[in-house]
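Text of the file final.cif, holding mmCIF, C-alpha atoms:
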```
data_work
loop_
_atom_site.label_atom_id
_atom_site.label_comp_id
_atom_site.auth_asym_id
_atom_site.auth_seq_id
_atom_site.Cartn_x
_atom_site.Cartn_y
_atom_site.Cartn_z
CA MET A 27 101.54 127.81 79.39
CA PRO A 28 100.26 126.91 75.90
CA ALA A 29 98.39 123.60 75.79
CA ALA A 30 100.80 122.10 73.23
CA ASP A 31 103.81 122.86 75.43
CA GLU A 32 102.08 121.36 78.41
CA ARG A 33 101.17 118.26 76.43
CA ALA A 34 104.82 117.89 75.38
CA LEU A 35 105.95 118.17 78.99
CA ILE A 36 103.45 115.53 80.06
CA ASP A 37 104.70 113.21 77.31
CA ARG A 38 108.23 113.66 78.58
CA CYS A 39 107.10 113.02 82.17
CA GLN A 40 105.40 109.83 81.07
CA LYS A 41 108.75 108.73 79.63
CA GLY A 42 110.42 109.36 83.00
CA ASP A 43 111.83 112.86 82.46
CA HIS A 44 112.02 114.37 85.96
CA GLY A 45 113.04 117.76 84.62
CA ALA A 46 109.78 118.02 82.70
CA PHE A 47 107.82 117.27 85.84
CA ARG A 48 109.70 119.99 87.64
CA VAL A 49 108.61 122.49 85.00
CA LEU A 50 104.99 121.40 85.43
CA VAL A 51 105.27 121.78 89.20
CA GLN A 52 106.65 125.28 88.82
CA ALA A 53 103.92 126.21 86.37
CA HIS A 54 101.06 125.06 88.61
CA MET A 55 102.35 125.25 92.18
CA ARG A 56 100.81 128.62 93.04
CA GLN A 57 97.34 127.81 91.74
CA VAL A 58 97.49 124.43 93.45
CA TYR A 59 98.52 126.07 96.69
CA ASP A 60 95.75 128.68 96.49
CA LEU A 61 93.13 126.03 95.88
CA ALA A 62 94.39 123.92 98.78
CA PHE A 63 94.34 126.99 101.00
CA SER A 64 90.75 127.80 99.98
CA PHE A 65 89.73 124.50 101.53
CA VAL A 66 92.00 124.08 104.53
CA GLN A 67 92.47 127.77 105.48
CA SER A 68 95.92 127.17 106.89
CA HIS A 69 99.32 127.69 105.31
CA ASP A 70 100.80 124.58 106.93
CA ASP A 71 98.00 122.35 105.69
CA ALA A 72 97.99 124.00 102.27
CA ASP A 73 101.72 123.27 102.00
CA ASP A 74 101.15 119.61 102.92
CA VAL A 75 98.23 119.21 100.53
CA ALA A 76 99.99 120.96 97.65
CA GLN A 77 103.13 118.84 97.97
CA GLU A 78 101.15 115.65 98.42
CA ALA A 79 99.12 116.51 95.34
CA PHE A 80 102.22 116.76 93.17
CA VAL A 81 103.64 113.54 94.58
CA LYS A 82 100.36 111.83 93.79
CA ALA A 83 100.28 113.38 90.33
CA TYR A 84 103.78 112.14 89.59
CA ARG A 85 102.92 108.61 90.61
CA SER A 86 99.82 108.65 88.44
CA ILE A 87 101.20 110.60 85.49
CA SER A 88 101.33 107.45 83.37
CA THR A 89 97.54 107.21 83.61
CA PHE A 90 96.93 110.86 82.70
CA ARG A 91 95.01 111.31 79.48
CA ALA A 92 94.75 114.52 77.56
CA ASP A 93 90.94 114.62 77.65
CA ALA A 94 91.19 116.98 80.64
CA GLY A 95 93.84 119.67 81.05
CA PHE A 96 96.69 119.04 83.48
CA GLY A 97 95.44 121.94 85.59
CA THR A 98 91.96 120.45 85.90
CA TRP A 99 93.46 117.09 86.75
CA MET A 100 95.61 118.70 89.45
CA TYR A 101 92.56 120.53 90.76
CA ARG A 102 90.79 117.21 91.11
CA ILE A 103 93.69 115.70 93.05
CA VAL A 104 93.99 118.75 95.31
CA THR A 105 90.26 118.87 95.95
CA ASN A 106 90.16 115.21 96.94
CA LEU A 107 93.18 115.52 99.21
CA ALA A 108 91.88 118.72 100.80
CA LEU A 109 88.46 117.19 101.39
CA ASP A 110 90.10 114.14 102.97
CA ARG A 111 92.02 116.43 105.27
CA LEU A 112 88.87 118.31 106.25
CA ARG A 113 87.09 115.03 106.97
CA GLN A 114 89.97 113.94 109.19
CA ARG A 115 89.82 117.25 111.03
CA GLN A 116 86.07 116.91 111.44
CA ARG A 117 86.36 113.40 112.86
CA MET A 118 89.04 114.44 115.31
CA ALA A 119 86.99 117.45 116.38
CA GLN A 120 83.89 115.34 116.84
CA ARG A 121 85.75 112.99 119.15
CA ARG A 122 87.23 115.79 121.16
CA VAL A 123 84.21 118.08 121.53
CA PRO A 124 80.78 116.46 121.32
CA LEU A 125 78.23 119.05 120.25
CA SER A 126 74.50 118.54 120.02
CA ASP A 127 74.24 120.79 116.99
CA PRO A 128 77.69 121.45 115.60
CA VAL A 129 76.65 124.17 113.19
CA VAL A 130 74.67 126.26 115.64
CA ALA A 131 77.02 125.52 118.53
CA GLN A 132 80.08 126.52 116.55
CA ILE A 133 78.59 129.84 115.67
CA SER A 134 76.71 130.67 118.83
CA SER A 135 79.63 129.69 121.06
CA SER A 136 81.26 133.01 120.32
CA THR A 137 78.27 135.30 120.26
CA ASP A 138 80.18 138.34 121.51
CA ALA A 139 82.80 138.00 118.85
CA VAL A 140 80.14 137.46 116.21
CA VAL A 141 78.46 140.72 117.05
CA ASN A 142 81.67 142.67 116.67
CA ALA A 143 83.50 140.70 114.02
CA ASP A 144 83.56 141.74 110.47
CA LEU A 145 81.07 140.21 108.06
CA GLN A 146 83.68 138.64 105.85
CA ARG A 147 84.94 136.46 108.66
CA GLN A 148 81.42 135.35 109.46
CA ILE A 149 80.88 134.44 105.84
CA GLU A 150 84.07 132.38 105.82
CA ARG A 151 82.96 130.66 108.98
CA ALA A 152 79.57 129.90 107.49
CA LEU A 153 81.28 128.55 104.39
CA HIS A 154 83.34 126.17 106.43
CA THR A 155 80.33 124.77 108.23
CA LEU A 156 78.79 123.59 104.97
CA PRO A 157 78.64 119.89 104.15
CA THR A 158 81.75 118.81 102.30
CA LEU A 159 80.44 118.73 98.74
CA GLN A 160 78.50 121.97 99.04
CA ARG A 161 81.61 123.65 100.38
CA ALA A 162 83.72 122.22 97.56
CA VAL A 163 81.30 123.54 94.96
CA VAL A 164 81.08 127.00 96.55
CA ILE A 165 84.87 127.23 96.75
CA LEU A 166 85.54 126.00 93.24
CA ARG A 167 82.66 127.70 91.46
CA HIS A 168 82.24 130.92 93.40
CA MET A 169 85.54 131.67 95.08
CA ASP A 170 87.88 130.29 92.44
CA GLY A 171 85.60 131.27 89.57
CA LEU A 172 85.77 127.96 87.73
CA SER A 173 82.99 127.17 85.28
CA THR A 174 80.21 124.75 86.14
CA LYS A 175 81.66 122.35 83.58
CA GLN A 176 85.13 122.49 85.12
CA VAL A 177 83.73 121.91 88.61
CA SER A 178 81.68 118.97 87.40
CA GLY A 179 84.87 117.51 85.88
CA ILE A 180 86.83 117.99 89.09
CA LEU A 181 84.15 116.58 91.37
CA ASN A 182 83.16 113.91 88.88
CA CYS A 183 79.47 114.75 88.94
CA SER A 184 76.94 116.26 86.54
CA GLU A 185 76.63 119.98 85.89
CA GLY A 186 73.11 119.83 87.31
CA THR A 187 74.48 118.44 90.57
CA VAL A 188 77.03 121.25 90.73
CA LYS A 189 74.30 123.85 90.26
CA THR A 190 72.09 122.25 92.89
CA HIS A 191 74.93 122.00 95.42
CA LEU A 192 75.86 125.61 94.72
CA TYR A 193 72.32 126.83 95.27
CA ARG A 194 71.84 124.78 98.44
CA GLY A 195 75.27 125.73 99.77
CA LEU A 196 74.68 129.44 99.29
CA ARG A 197 71.18 129.22 100.74
CA ARG A 198 72.50 127.39 103.76
CA MET A 199 75.19 129.99 104.23
CA GLN A 200 72.59 132.69 104.02
CA LYS A 201 70.52 130.98 106.74
CA LEU A 202 73.57 130.58 108.96
CA LEU A 203 74.38 134.25 108.56
CA GLN A 204 70.79 135.15 109.34
CA HIS A 205 71.12 133.08 112.53
CA ILE A 206 74.17 135.12 113.50
CA GLU A 207 72.44 138.42 112.84
CA GLU A 208 69.33 137.40 114.76
CA PRO A 209 70.59 135.36 117.74
CA GLY A 210 68.01 133.47 119.74
CA MET B 16 61.38 125.70 83.52
CA SER B 17 60.43 124.19 86.89
CA HIS B 18 61.06 125.96 90.20
CA ALA B 19 64.00 123.60 90.79
CA ASP B 20 65.52 124.50 87.41
CA ILE B 21 65.11 128.19 88.14
CA ARG B 22 66.78 127.87 91.53
CA ALA B 23 69.63 125.81 90.11
CA ASN B 24 70.29 128.57 87.56
CA LEU B 25 69.85 131.57 89.86
CA TYR B 26 73.56 131.86 90.53
CA ASP B 27 74.43 132.04 86.84
CA PHE B 28 71.49 134.41 86.33
CA LEU B 29 72.64 136.79 89.05
CA LEU B 30 76.20 136.78 87.74
CA CYS B 31 74.93 137.39 84.19
CA GLU B 32 76.51 134.17 82.96
CA LEU B 33 73.47 132.81 81.15
CA ALA B 34 72.66 132.90 77.46
CA GLN B 35 70.06 135.49 76.45
CA GLU B 36 67.32 132.91 75.95
CA GLU B 37 67.79 131.30 79.39
CA ARG B 38 68.03 134.70 80.99
CA GLU B 39 64.73 135.78 79.51
CA ALA B 40 63.06 132.53 80.59
CA ILE B 41 64.17 133.12 84.18
CA GLU B 42 63.11 136.77 84.12
CA HIS B 43 59.73 135.69 82.85
CA HIS B 44 59.39 133.11 85.65
CA LEU B 45 60.50 135.52 88.37
CA ALA B 46 57.95 138.06 87.24
CA SER B 47 55.16 135.64 88.10
CA CYS B 48 56.63 133.53 90.97
CA GLY B 49 56.99 135.23 94.34
CA ASP B 50 58.88 132.35 96.01
CA CYS B 51 61.59 132.19 93.34
CA ARG B 52 61.79 135.98 93.27
CA ARG B 53 62.42 136.06 97.01
CA ASP B 54 65.05 133.36 96.56
CA ALA B 55 66.73 135.43 93.88
CA GLU B 56 66.72 138.51 96.11
CA THR B 57 68.13 136.60 99.06
CA LEU B 58 70.86 135.03 96.96
CA GLY B 59 71.66 138.36 95.34
CA SER B 60 72.02 139.93 98.76
CA LEU B 61 74.41 137.18 99.89
CA LEU B 62 76.48 137.45 96.72
CA SER B 63 76.84 141.19 97.16
CA GLU B 64 78.33 140.55 100.60
CA PHE B 65 80.33 137.55 99.45
CA PRO B 66 82.00 138.56 96.20
CA ARG B 67 84.38 136.34 94.30
CA GLU B 68 87.65 136.22 96.15
CA GLU B 69 90.62 138.06 94.77
CA ARG B 70 92.90 136.78 97.52
CA SER B 71 96.01 134.84 96.52
CA PRO B 72 97.36 133.19 99.66
CA ASN B 73 100.40 132.01 97.70
CA ASN B 74 101.60 135.62 97.79
CA GLU B 75 101.78 135.40 101.57
CA ARG B 76 104.64 132.92 101.22
CA PRO B 77 108.13 134.37 100.71
CA ASP B 78 109.91 133.96 97.37
CA ALA B 79 112.33 131.52 98.96
CA TYR B 80 109.41 129.18 99.65
CA TRP B 81 108.47 129.09 95.97
CA GLN B 82 112.05 128.83 94.79
CA SER B 83 112.46 125.63 96.81
CA PHE B 84 108.97 124.23 96.31
CA ALA B 85 109.78 122.00 93.34
CA SER B 86 112.92 120.72 95.07
CA ARG B 87 110.90 119.81 98.12
CA VAL B 88 108.42 117.92 95.97
CA GLU B 89 111.32 116.04 94.39
CA GLN B 90 112.75 115.22 97.81
CA GLU B 91 109.37 113.93 98.87
CA LEU B 92 109.23 111.74 95.76
CA VAL B 93 112.67 110.29 96.45
CA ARG B 94 111.75 109.69 100.07
CA ASP B 95 108.53 107.95 99.07
CA ARG B 96 110.24 105.73 96.54
CA ARG B 97 112.93 104.65 98.98
CA HIS B 98 110.51 104.18 101.80
CA TRP B 99 108.16 102.19 99.65
CA ALA B 100 110.90 99.95 98.32
CA LEU B 101 112.41 99.34 101.76
CA SER B 102 109.11 98.71 103.49
CA GLN B 103 108.22 96.20 100.80
CA TRP B 104 111.54 94.50 101.32
CA ALA B 105 110.99 94.47 105.11
CA SER B 106 107.46 93.09 104.78
CA ALA B 107 108.62 90.38 102.40
CA ARG B 108 111.42 89.34 104.79
CA LEU B 109 109.05 89.38 107.72
CA ALA B 110 106.49 87.25 105.92
CA SER B 111 109.15 84.69 105.05
CA TRP B 112 110.40 84.53 108.63
CA ALA B 113 107.00 84.30 110.34
CA PRO B 114 106.49 80.69 111.52
CA THR B 115 103.15 78.97 111.39
CA GLY B 116 101.08 79.86 114.44
CA TRP B 117 103.06 83.03 115.08
CA ARG B 118 102.05 85.16 118.03
CA PRO B 119 100.67 88.55 117.03
CA SER B 120 102.70 90.45 119.62
CA VAL B 121 105.95 88.88 118.38
CA ALA B 122 104.97 89.65 114.80
CA LEU B 123 104.10 93.21 115.75
CA VAL B 124 107.47 93.81 117.37
CA GLY B 125 109.16 92.21 114.35
CA GLY B 126 107.16 94.29 111.94
CA VAL B 127 107.82 97.51 113.75
CA SER B 128 111.52 96.67 114.03
CA ALA B 129 111.70 96.00 110.31
CA ILE B 130 110.08 99.34 109.59
CA VAL B 131 112.39 101.15 112.00
CA LEU B 132 115.33 99.36 110.36
CA SER B 133 114.02 100.50 106.98
CA ILE B 134 113.86 104.08 108.13
CA GLY B 135 117.40 103.77 109.51
CA LEU B 136 118.62 102.42 106.19
CA TRP B 137 116.88 105.21 104.38
CA LEU B 138 118.37 107.86 106.63
CA THR B 139 121.86 106.55 105.99
CA SER B 140 121.45 106.13 102.25
CA GLY B 141 118.70 108.63 101.44
CA PRO B 142 118.67 112.23 100.36
CA PHE B 143 120.18 113.39 103.65
CA SER B 144 123.35 111.45 102.89
CA GLY B 145 123.96 113.68 99.92
CA GLU B 146 123.52 110.90 97.38
CA THR B 147 121.94 112.00 94.13
CA PRO B 148 118.65 110.17 93.50
CA ARG B 149 118.85 107.87 90.52
CA GLY B 150 116.13 107.56 87.97
CA ASP B 151 116.28 103.76 87.94
CA ALA B 152 114.89 103.69 91.50
CA VAL B 153 111.60 104.86 90.01
CA VAL B 154 111.56 102.03 87.51
CA SER B 155 112.14 99.37 90.14
CA VAL B 156 109.38 100.68 92.38
CA MET B 157 106.83 101.32 89.66
CA GLY B 158 107.35 97.78 88.39
CA VAL B 159 105.85 96.19 91.54
CA SER B 160 102.28 95.07 90.97
CA SER B 161 99.44 96.85 92.73
CA GLN B 162 98.11 93.59 94.12
CA LYS B 163 101.38 92.76 95.81
CA ALA B 164 101.53 96.25 97.26
CA VAL B 165 97.99 95.99 98.63
CA GLU B 166 98.74 92.59 100.17
CA GLU B 167 101.76 93.95 101.95
CA TYR B 168 99.90 97.00 103.15
CA LEU B 169 97.11 94.83 104.52
CA THR B 170 99.57 92.49 106.24
CA GLY B 171 101.32 95.41 107.93
CA SER B 172 98.02 96.97 109.00
CA ARG B 173 96.69 93.66 110.32
CA MET B 174 99.78 93.01 112.40
CA LEU B 175 99.73 96.48 113.88
CA LEU B 176 96.01 96.45 114.69
CA ILE B 177 96.17 92.96 116.21
CA GLY B 178 99.01 94.18 118.39
CA ILE B 179 96.91 97.13 119.54
CA ALA B 180 93.90 94.91 120.12
CA ASN B 181 95.97 92.50 122.24
CA MET B 182 97.59 95.14 124.42
CA SER B 183 96.77 94.76 128.09
CA PRO B 184 97.79 98.09 129.60
CA GLU B 185 97.39 98.83 133.28
CA GLU B 186 94.71 101.36 134.09
CA GLY B 187 96.12 104.78 134.93
CA LYS B 188 99.63 104.01 133.66
CA PRO B 189 100.94 105.60 130.45
CA ILE B 190 101.70 103.31 127.53
CA ASP B 191 104.71 103.87 125.29
CA LEU B 192 103.33 103.93 121.76
CA SER B 193 106.34 105.34 119.95
CA LEU B 194 106.92 102.19 117.89
CA GLU B 195 103.26 101.82 117.00
CA ARG B 196 103.10 105.44 115.91
CA THR B 197 106.16 104.97 113.71
CA ALA B 198 104.61 101.90 112.12
CA ALA B 199 101.28 103.69 111.65
CA ARG B 200 102.99 106.62 109.93
CA SER B 201 104.79 104.26 107.61
CA LEU B 202 101.52 102.56 106.72
CA VAL B 203 99.74 105.88 106.16
CA ARG B 204 102.46 106.77 103.72
CA GLN B 205 102.01 103.43 101.97
CA ALA B 206 98.27 104.04 101.79
CA ARG B 207 98.86 107.38 100.11
CA LEU B 208 101.11 105.80 97.56
CA LEU B 209 98.50 103.12 96.94
CA SER B 210 95.90 105.77 96.27
CA GLY B 211 97.75 106.48 93.03
CA GLU B 212 97.41 102.87 91.85
CA HIS B 213 94.60 101.30 89.90
CA LEU B 214 92.74 99.32 92.55
CA ASP B 215 89.31 97.79 92.75
CA GLU B 216 86.63 99.74 94.61
CA ARG B 217 86.54 97.42 97.63
CA SER B 218 90.31 97.60 98.16
CA GLN B 219 90.22 101.39 97.85
CA GLU B 220 87.45 101.57 100.42
CA LEU B 221 89.26 99.31 102.88
CA ILE B 222 92.55 101.17 102.42
CA GLY B 223 90.68 104.42 103.09
CA GLU B 224 89.11 103.02 106.27
CA LEU B 225 92.44 101.71 107.49
CA GLU B 226 94.17 104.96 106.65
CA ARG B 227 91.76 106.88 108.86
CA ILE B 228 92.34 104.66 111.89
CA LEU B 229 96.10 104.61 111.25
CA ILE B 230 96.16 108.42 111.13
CA GLU B 231 94.46 108.48 114.50
CA LEU B 232 97.01 106.04 115.83
CA ALA B 233 99.89 108.03 114.34
CA ASN B 234 98.53 111.18 115.98
CA LEU B 235 98.24 109.72 119.48
CA GLU B 236 100.53 111.06 122.16
CA GLU B 237 103.76 109.07 122.50
CA SER B 238 102.80 108.23 126.01
CA ALA B 239 99.12 107.43 125.61
CA ASP B 240 96.64 106.31 128.24
CA VAL B 241 94.09 103.52 128.22
CA PRO B 242 91.16 105.66 126.95
CA ALA B 243 93.24 106.74 123.95
CA ILE B 244 93.99 103.12 123.09
CA ASP B 245 90.33 102.28 123.57
CA ILE B 246 89.33 104.88 120.98
CA ILE B 247 91.49 103.07 118.43
CA ARG B 248 90.23 99.66 119.52
CA THR B 249 86.63 100.80 119.32
CA GLY B 250 87.21 102.16 115.84
CA VAL B 251 88.77 98.86 114.73
CA ARG B 252 85.93 96.86 116.28
CA GLN B 253 83.07 99.06 115.07
CA GLN B 254 84.32 99.07 111.52
CA ASN B 255 85.10 95.38 111.68
CA LEU B 256 88.49 96.15 110.20
CA LEU B 257 90.30 92.94 111.08
CA PHE B 258 87.55 90.86 109.51
CA LYS B 259 87.56 93.05 106.42
CA ILE B 260 91.34 92.70 106.12
CA ARG B 261 91.09 88.92 106.32
CA MET B 262 88.36 88.88 103.70
CA ALA B 263 90.41 91.10 101.42
CA GLU B 264 93.52 88.97 101.91
CA ASP B 265 91.54 85.85 101.08
CA GLN B 266 90.23 87.52 97.97
CA LEU B 267 93.73 88.50 96.94
CA GLY B 268 94.61 84.84 97.00
CA ARG B 269 96.38 84.32 100.26
#
```
Spit out the file's structure as structure tokens when you get a sec.
Amino acid sequence: MPAADERALIDRCQKGDHGAFRVLVQAHMRQVYDLAFSFVQSHDDADDVAQEAFVKAYRSISTFRADAGFGTWMYRIVTNLALDRLRQRQRMAQRRVPLSDPVVAQISSSTDAVVNADLQRQIERALHTLPTLQRAVVILRHMDGLSTKQVSGILNCSEGTVKTHLYRGLRRMQKLLQHIEEPG
Amino acid sequence: MSHADIRANLYDFLLCELAQEEREAIEHHLASCGDCRRDAETLGSLLSEFPREERSPNNERPDAYWQSFASRVEQELVRDRRHWALSQWASARLASWAPTGWRPSVALVGGVSAIVLSIGLWLTSGPFSGETPRGDAVVSVMGVSSQKAVEEYLTGSRMLLIGIANMSPEEGKPIDLSLERTAARSLVRQARLLSGEHLDERSQELIGELERILIELANLEESADVPAIDIIRTGVRQQNLLFKIRMAEDQLGR
């Protein structure tokens, strides 16, 4: 959608036009859903996060300023909601299954499957063992192909921080994968 | 460029996303630095196995899902607005009825009843009744000040958590937590609505902490046991939540 059209829709939303918001939802729902899914890796959770993101956007639309695109703003909301959901999951999992070393335990607990499973699944698993911010940067920058500047806008941090998290995240993934390939 | 700068730019270098000048600077560094060169090789190897994703999970949903998506968002908005308005009304009534020196357990039952009543009212007058949502409902809800909303959220959370803290269940016997779960869900929803408001950092932090414990409470089994309740109590105690709520309420001018 051209930026001017989007701006006009946002203006109408800010004046209480529900129809305009509906058009914005329809324009962005698929990208929002895909981003949510990248984090939560479940269709049910992606559905929840995507809908919640639009509800939140609607309630905050009066505060939206045109300095960032609507898409980037939505990405920020989705990323925050998805990260919250992952943190909740992590806390629940920690209470249910105490592990001395969650990263190693999670991977080594299924050694047989690891040996036979396809590499892509192992990479995804390694990705989802990364610390929250590193994972967010790898998903946004590498998997979704956003620019460093866009990611820094979404995560509200400097471009240098994005680059550092990306490097560390990928390195950590590489080490985790090495651990899988060379058990023991 | 320092080693740290080189490493931070390796990704862009490997994906050929750097300007010519930066690219040449990195090439020059790699030619003389074994450690960074090994890092570049390792990262390059990972990236070759982990290419940018082309997957679009949205395509795994049927067309009908996308055709109704916007409508479902609108329904959720209507539900939130009604719920928010009714829970505010219920909290305000409850606060005006509560006598000095009220007992927490009585207040908890009252609070939960008010919320259940609110949900009942919503079900009979909400989107399921076939009534078309009116735009003016938005105006009335959005007009309520953030401070008032935070106060009411904190009051509801305090009453619920005090009730949980004062429970004296018998060991080995299941406890019916259906009302508490309903109240916790209502408060979680309020917290999510509050997250769209302009709040000070301390309030946001406290609302976030409360939301986490309320989610745990909302996710308990309907018929919970003593250890499950103790998890919630421990969380409340360790995070000093009741004290923090009182401090926040004082600050908000109670």
Could you write out as a ChimeraX atom specification the residues that the PyMOL selection byres ((chain B) within 9 of (chain A)) matches in the shown file? /B:19-20,22-27,54,57-58,60-62,64-76,81-82,84-89,91-92,95,150,153-154,157,207-208,210-212,227,230-231
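Of note, CA of Ala40 in chain B and CA of Gln160 in chain A are spaced 26.3 Å apart.
For Ala263 in chain B, the residues within 10 Å (counting all atoms listed in the file, excluding itself and residues fewer than 3 positions away along the chain) are Val165, Glu166, Leu169, Arg217, Ser218, Leu221, Leu257, Phe258, Lys259, Ile260, Gln266, Leu267, Gly268 and Arg269 of chain B.
The closest residue to Arg38 in chain A, picked from A:Ser88, A:Arg147, A:Val163, A:Thr155 and counting all atoms listed in the file, is A:Ser88.
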As a check of understanding, name the residues that the PyMOL selection byres ((chain A and resi 31) around 12) selects in the supplied structure, as a PyMOL selection string. chain A and resi 27-30+32-38+46+49-50+53+95-96
Excluding Leu159 in chain A and its own-chain neighbours fewer than 5 positions away, which residues fall within 9 Å of it when counting only C-alpha atoms? Please give them as a count of residues only. 5
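We find CA of Val203 in chain B and CA of Ile228 in chain B to be spaced 9.4 Å apart.
In terms of minimum interatomic distance to Arg204 in chain B, B:Ser172 ranks closest within B:Ser183, B:Ser63, B:Ser172, B:Gln35, counting all atoms listed in the file.
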What's the separation between CA of Arg248 in chain B and CA of Gly223 in chain B, in Å to one decimal place? 17.1 Å
